[in-house]
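Participant: work.json is reproduced below (JSON, C-alpha atoms).
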[["chain", "number", "residue", "atom", "x", "y", "z"],
["K", 1, "MET", "CA", 25.83, -7.65, 119.75],
["K", 2, "GLN", "CA", 27.10, -11.27, 119.71],
["K", 3, "GLU", "CA", 27.68, -11.09, 115.97],
["K", 4, "LEU", "CA", 29.68, -7.89, 116.37],
["K", 5, "ILE", "CA", 31.79, -9.35, 119.18],
["K", 6, "LYS", "CA", 32.56, -12.47, 117.10],
["K", 7, "TYR", "CA", 33.40, -10.27, 114.13],
["K", 8, "LEU", "CA", 35.93, -8.24, 116.14],
["K", 9, "GLN", "CA", 37.36, -11.34, 117.84],
["K", 10, "ASP", "CA", 38.02, -12.73, 114.36],
["K", 11, "GLY", "CA", 40.27, -9.74, 113.63],
["K", 12, "LYS", "CA", 37.85, -7.88, 111.39],
["K", 13, "VAL", "CA", 37.02, -4.18, 111.17],
["K", 14, "ALA", "CA", 33.58, -2.67, 111.89],
["K", 15, "ILE", "CA", 31.86, 0.71, 111.98],
["K", 16, "ILE", "CA", 29.93, 1.39, 115.18],
["K", 17, "PRO", "CA", 28.62, 4.37, 117.16],
["K", 18, "THR", "CA", 31.02, 5.42, 119.92],
["K", 19, "ASP", "CA", 30.63, 7.89, 122.78],
["K", 20, "THR", "CA", 31.80, 10.75, 120.54],
["K", 21, "THR", "CA", 31.10, 9.89, 116.88],
["K", 22, "TYR", "CA", 30.85, 6.96, 114.48],
["K", 23, "GLY", "CA", 34.11, 5.08, 114.56],
["K", 24, "ILE", "CA", 36.00, 2.42, 112.66],
["K", 25, "VAL", "CA", 36.97, -0.11, 115.31],
["K", 26, "CYS", "CA", 39.05, -3.25, 115.69],
["K", 27, "ASP", "CA", 40.92, -5.25, 118.31],
["K", 28, "ALA", "CA", 43.84, -3.00, 119.31],
["K", 29, "THR", "CA", 46.08, -6.04, 119.90],
["K", 30, "ASN", "CA", 45.65, -7.40, 116.36],
["K", 31, "ASP", "CA", 48.37, -6.08, 114.01],
["K", 32, "LYS", "CA", 46.57, -7.18, 110.85],
["K", 33, "ALA", "CA", 43.28, -5.53, 111.85],
["K", 34, "VAL", "CA", 44.97, -2.26, 112.89],
["K", 35, "LYS", "CA", 46.89, -2.13, 109.58],
["K", 36, "GLU", "CA", 43.61, -2.71, 107.75],
["K", 37, "ILE", "CA", 42.11, 0.42, 109.32],
["K", 38, "PHE", "CA", 45.08, 2.47, 108.10],
["K", 39, "ARG", "CA", 44.58, 1.07, 104.59],
["K", 40, "ILE", "CA", 40.81, 1.65, 104.54],
["K", 41, "LYS", "CA", 41.09, 5.22, 105.89],
["K", 42, "ARG", "CA", 44.13, 5.97, 103.67],
["K", 43, "ARG", "CA", 45.76, 7.14, 106.87],
["K", 44, "ASP", "CA", 49.49, 7.64, 107.20],
["K", 45, "PHE", "CA", 51.18, 5.24, 109.63],
["K", 46, "SER", "CA", 52.90, 8.21, 111.25],
["K", 47, "LYS", "CA", 49.52, 9.25, 112.72],
["K", 48, "ALA", "CA", 48.53, 7.49, 115.92],
["K", 49, "MET", "CA", 45.03, 6.16, 116.60],
["K", 50, "PRO", "CA", 43.22, 6.27, 119.96],
["K", 51, "ILE", "CA", 42.10, 3.21, 121.90],
["K", 52, "LEU", "CA", 39.11, 2.56, 124.15],
["K", 53, "VAL", "CA", 39.24, 0.44, 127.30],
["K", 54, "SER", "CA", 36.46, -0.80, 129.57],
["K", 55, "ASP", "CA", 37.80, 0.38, 132.93],
["K", 56, "LYS", "CA", 40.83, 1.60, 134.86],
["K", 57, "GLU", "CA", 42.11, -1.94, 135.35],
["K", 58, "MET", "CA", 42.30, -2.46, 131.58],
["K", 59, "LEU", "CA", 43.80, 1.00, 131.13],
["K", 60, "LYS", "CA", 46.64, 0.08, 133.49],
["K", 61, "LYS", "CA", 47.16, -3.28, 131.77],
["K", 62, "TYR", "CA", 47.95, -1.66, 128.40],
["K", 63, "THR", "CA", 49.96, 1.33, 129.63],
["K", 64, "SER", "CA", 52.93, 1.84, 131.92],
["K", 65, "ASN", "CA", 54.33, 4.30, 134.46],
["K", 66, "ILE", "CA", 51.12, 6.17, 135.29],
["K", 67, "ASN", "CA", 52.02, 8.95, 137.72],
["K", 68, "ASP", "CA", 50.06, 10.37, 140.67],
["K", 69, "LEU", "CA", 48.62, 13.34, 138.77],
["K", 70, "GLU", "CA", 47.49, 11.11, 135.88],
["K", 71, "ASN", "CA", 45.85, 8.77, 138.39],
["K", 72, "MET", "CA", 43.99, 11.65, 140.02],
["K", 73, "ILE", "CA", 42.71, 12.91, 136.65],
["K", 74, "ILE", "CA", 41.66, 9.42, 135.57],
["K", 75, "ASP", "CA", 39.82, 8.84, 138.87],
["K", 76, "LYS", "CA", 38.02, 12.18, 138.59],
["K", 77, "PHE", "CA", 37.03, 12.22, 134.92],
["K", 78, "THR", "CA", 36.64, 8.62, 133.79],
["K", 79, "PRO", "CA", 34.60, 7.01, 132.52],
["K", 80, "GLY", "CA", 33.82, 9.97, 130.30],
["K", 81, "LYS", "CA", 34.93, 12.10, 127.38],
["K", 82, "LEU", "CA", 38.55, 12.33, 128.46],
["K", 83, "SER", "CA", 41.35, 10.98, 126.28],
["K", 84, "ILE", "CA", 44.75, 10.98, 127.94],
["K", 85, "LEU", "CA", 48.14, 10.33, 126.37],
["K", 86, "LEU", "CA", 49.90, 7.65, 128.39],
["K", 87, "PRO", "CA", 53.06, 5.58, 127.88],
["K", 88, "LYS", "CA", 52.02, 2.45, 125.97],
["K", 89, "ASN", "CA", 53.35, -1.06, 126.45],
["K", 90, "ASN", "CA", 53.91, -3.91, 124.03],
["K", 91, "LEU", "CA", 50.52, -5.56, 124.64],
["K", 92, "ILE", "CA", 48.85, -3.35, 122.03],
["K", 93, "SER", "CA", 49.67, -3.44, 118.33],
["K", 94, "GLN", "CA", 52.85, -1.60, 117.38],
["K", 95, "TYR", "CA", 50.86, 0.08, 114.59],
["K", 96, "VAL", "CA", 48.44, 1.89, 116.93],
["K", 97, "SER", "CA", 51.00, 4.61, 117.64],
["K", 98, "PRO", "CA", 54.42, 5.32, 116.09],
["K", 99, "ASN", "CA", 55.74, 6.83, 119.33],
["K", 100, "ALA", "CA", 55.92, 5.86, 123.00],
["K", 101, "PHE", "CA", 52.43, 7.14, 123.88],
["K", 102, "VAL", "CA", 48.85, 6.16, 123.12],
["K", 103, "ALA", "CA", 45.66, 8.21, 123.51],
["K", 104, "ILE", "CA", 43.36, 6.14, 125.71],
["K", 105, "ARG", "CA", 39.78, 6.65, 126.90],
["K", 106, "ILE", "CA", 37.31, 4.86, 129.18],
["K", 107, "PRO", "CA", 33.97, 5.66, 127.52],
["K", 108, "ASP", "CA", 30.88, 6.28, 129.62],
["K", 109, "ASN", "CA", 28.82, 4.11, 127.30],
["K", 110, "LYS", "CA", 27.34, 0.72, 128.25],
["K", 111, "PHE", "CA", 27.28, -0.53, 124.64],
["K", 112, "LEU", "CA", 31.00, 0.10, 124.18],
["K", 113, "GLN", "CA", 31.93, -1.17, 127.62],
["K", 114, "GLU", "CA", 30.09, -4.44, 127.02],
["K", 115, "ILE", "CA", 31.84, -5.00, 123.69],
["K", 116, "ILE", "CA", 35.29, -4.26, 125.13],
["K", 117, "THR", "CA", 34.65, -6.39, 128.21],
["K", 118, "LYS", "CA", 33.52, -9.39, 126.16],
["K", 119, "ILE", "CA", 36.40, -9.12, 123.69],
["K", 120, "ASN", "CA", 38.69, -8.55, 126.69],
["K", 121, "HIS", "CA", 40.97, -6.32, 124.59],
["K", 122, "PRO", "CA", 41.03, -2.57, 123.93],
["K", 123, "LEU", "CA", 39.45, -1.27, 120.75],
["K", 124, "VAL", "CA", 41.10, 1.02, 118.25],
["K", 125, "ALA", "CA", 38.40, 3.63, 117.59],
["K", 126, "THR", "CA", 39.08, 6.23, 114.92],
["K", 127, "SER", "CA", 36.56, 8.40, 113.09],
["K", 128, "ALA", "CA", 34.59, 6.62, 110.36],
["K", 129, "ASN", "CA", 35.81, 8.63, 107.41],
["K", 130, "ILE", "CA", 38.59, 8.75, 104.85],
["K", 131, "SER", "CA", 41.49, 10.71, 106.36],
["K", 132, "GLY", "CA", 40.91, 14.43, 105.84],
["K", 133, "SER", "CA", 37.13, 14.09, 105.34],
["K", 134, "ASP", "CA", 34.47, 15.39, 107.70],
["K", 135, "VAL", "CA", 33.47, 13.45, 110.80],
["K", 136, "ILE", "CA", 30.03, 11.84, 110.43],
["K", 137, "SER", "CA", 27.08, 11.75, 112.83],
["K", 138, "SER", "CA", 24.99, 9.03, 111.12],
["K", 139, "VAL", "CA", 25.63, 6.01, 108.89],
["K", 140, "THR", "CA", 23.75, 7.73, 106.04],
["K", 141, "GLU", "CA", 26.74, 10.08, 105.76],
["K", 142, "LEU", "CA", 29.26, 7.25, 105.27],
["K", 143, "GLU", "CA", 31.45, 7.57, 102.21],
["K", 144, "ASN", "CA", 30.92, 4.92, 99.52],
["K", 145, "ASP", "CA", 34.60, 3.92, 99.69],
["K", 146, "LEU", "CA", 34.11, 2.91, 103.33],
["K", 147, "LYS", "CA", 30.86, 1.05, 102.64],
["K", 148, "LYS", "CA", 32.66, -1.03, 100.01],
["K", 149, "GLU", "CA", 35.48, -1.93, 102.38],
["K", 150, "ILE", "CA", 33.68, -2.63, 105.67],
["K", 151, "ASN", "CA", 31.02, -5.31, 105.82],
["K", 152, "TYR", "CA", 29.82, -4.74, 109.38],
["K", 153, "ILE", "CA", 28.11, -1.39, 110.01],
["K", 154, "TYR", "CA", 26.09, -0.95, 113.22],
["K", 155, "ASP", "CA", 23.46, 1.78, 112.86],
["K", 156, "GLY", "CA", 22.97, 3.51, 116.20],
["K", 157, "GLY", "CA", 20.97, 6.41, 114.77],
["K", 158, "LYS", "CA", 22.09, 10.03, 114.68],
["K", 159, "LEU", "CA", 24.78, 10.99, 117.17],
["K", 160, "GLU", "CA", 25.68, 14.29, 118.73],
["K", 161, "THR", "CA", 29.32, 14.43, 117.64],
["K", 162, "ILE", "CA", 31.26, 15.85, 120.57],
["K", 163, "PRO", "CA", 35.05, 15.47, 120.60],
["K", 164, "SER", "CA", 36.70, 14.19, 123.75],
["K", 165, "THR", "CA", 39.14, 16.41, 125.60],
["K", 166, "LEU", "CA", 42.71, 15.24, 124.95],
["K", 167, "ILE", "CA", 45.42, 15.88, 127.51],
["K", 168, "LYS", "CA", 49.00, 14.96, 128.27],
["K", 169, "VAL", "CA", 50.74, 15.23, 131.64],
["K", 170, "GLU", "CA", 54.39, 16.23, 131.54],
["K", 171, "ASN", "CA", 56.65, 17.49, 134.35],
["K", 172, "ASN", "CA", 53.62, 17.56, 136.66],
["K", 173, "LYS", "CA", 51.76, 19.91, 134.30],
["K", 174, "ILE", "CA", 48.58, 19.25, 132.31],
["K", 175, "TYR", "CA", 48.74, 20.13, 128.61],
["K", 176, "LEU", "CA", 45.39, 20.49, 126.84],
["K", 177, "LEU", "CA", 46.05, 19.12, 123.35],
["K", 178, "ARG", "CA", 42.38, 19.28, 122.31],
["K", 179, "GLU", "CA", 39.87, 21.29, 124.30],
["K", 180, "GLY", "CA", 36.86, 19.03, 123.76],
["K", 181, "ILE", "CA", 33.84, 18.98, 126.05],
["K", 182, "ILE", "CA", 35.34, 18.76, 129.56],
["K", 183, "ALA", "CA", 38.35, 21.08, 129.22],
["K", 184, "ASN", "CA", 36.81, 23.74, 131.47],
["K", 185, "LYS", "CA", 36.08, 21.18, 134.20],
["K", 186, "ILE", "CA", 39.69, 20.01, 134.11],
["K", 187, "LYS", "CA", 40.93, 23.61, 134.26],
["K", 188, "GLU", "CA", 38.71, 24.26, 137.25],
["K", 189, "GLU", "CA", 39.51, 21.06, 139.13],
["K", 190, "PHE", "CA", 43.26, 21.09, 138.45],
["K", 191, "LYS", "CA", 43.90, 24.81, 137.93],
["K", 192, "ASP", "CA", 47.28, 24.69, 139.70],
["K", 193, "TYR", "CA", 48.56, 22.07, 137.25],
["K", 194, "ILE", "CA", 47.46, 23.59, 133.91],
["K", 195, "ALA", "CA", 50.40, 24.50, 131.67],
["K", 196, "ASN", "CA", 50.29, 28.04, 130.30]]
Would you put the structure from the file into structure tokens?
Facilitator:
Amino acid sequence: MQELIKYLQDGKVAIIPTDTTYGIVCDATNDKAVKEIFRIKRRDFSKAMPILVSDKEMLKKYTSNINDLENMIIDKFTPGKLSILLPKNNLISQYVSPNAFVAIRIPDNKFLQEIITKINHPLVATSANISGSDVISSVTELENDLKKEINYIYDGGKLETIPSTLIKVENNKIYLLREGIIANKIKEEFKDYIAN
């Protein structure tokens, strides 16, 4: 754990298990590290990458203008497998997202929370694959091109790859951008706010 934290603090890129799948991670405030993930994944800079934070306090620090409905959803479903698009601020790398929003999640995972807390910065966490390839559930499935590029790989065993639910709130309506695992719970809890 200490080695991994030092590695990320030094602006390097690692592969670790996350709460949803294996991810390529780095310090979300480090421009050079974020650009390195785009290069390694062969990902277009026009495609945003999600970030993970340790708690609601950190979420608020790296976003802006969170409204009442967003606050209610965050209080109800985080930590957990909810990613929510929120207005970003200039404390995270400009390369994380090409637009005004960032997908942000508070994972319900002690391993991730400890890393983020000790680094004291959000983590970029994008799937550990070359863009367009299948998502992996164990390090044995890692593509050779990634193994050559990334020196730190944390083997957390086989994961049950479950995508997070991705939402955006606009005009006091909830838009489900990716159904994921908790979509039905959101629909049930906030049925009056779901956009048709």
Participant: Hey, could you pull the box centre and edge lengths for range 61-67 of chain K, axis-aligned, 8 Å padding per side, all listed atoms, to one decimal in Å, as JSON?
Facilitator:
{"center_x": 50.7, "center_y": 2.8, "center_z": 133.1, "size_x": 23.2, "size_y": 28.2, "size_z": 25.3}
Participant: How many Å lie between CA of Ser83 in chain K and CA of Lys6 in chain K, rounded to one decimal?
Facilitator: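 Answer for the CA of Ser83 in chain K to CA of Lys6 in chain K separation: 26.7 Å.
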Participant: Do a neighbour search on Ser138 in chain K at 7 Å with only C-alpha atoms, toss out local chain neighbours closer than 5 positions, and write the hits as a PDB file with C-alpha atoms, in the frame of the given file.
Facilitator:
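Just written: result.pdb:
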ATOM      1  CA  GLY K 157      20.970   6.410 114.770  1.00  0.00           C
ATOM      2  CA  LYS K 158      22.090  10.030 114.680  1.00  0.00           C
ATOM      3  CA  LEU K 159      24.780  10.990 117.170  1.00  0.00           C
TER       4      LEU K 159
END
Participant: Please identify every residue of range 40-113 of chain K that has at least one atom no farther than 12 Å from an atom of range 140-147 of chain K, counting all atoms listed in the file, and for each give the shortest atom pair and the distance in Å to one decimal, arranged by chain then increasing number, as CSV.
Facilitator:
residue,atom,partner,partner_atom,distance
K:Ile40,CA,K:Leu146,CA,6.9
K:Lys41,CA,K:Leu146,CA,7.8
K:Arg42,CA,K:Leu146,CA,10.5
Participant: Just give me the gap between CA of Ile174 in chain K and CA of Lys60 in chain K in Å, one decimal is fine.
Facilitator: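 CA of Ile174 in chain K sits 19.3 Å away from CA of Lys60 in chain K.
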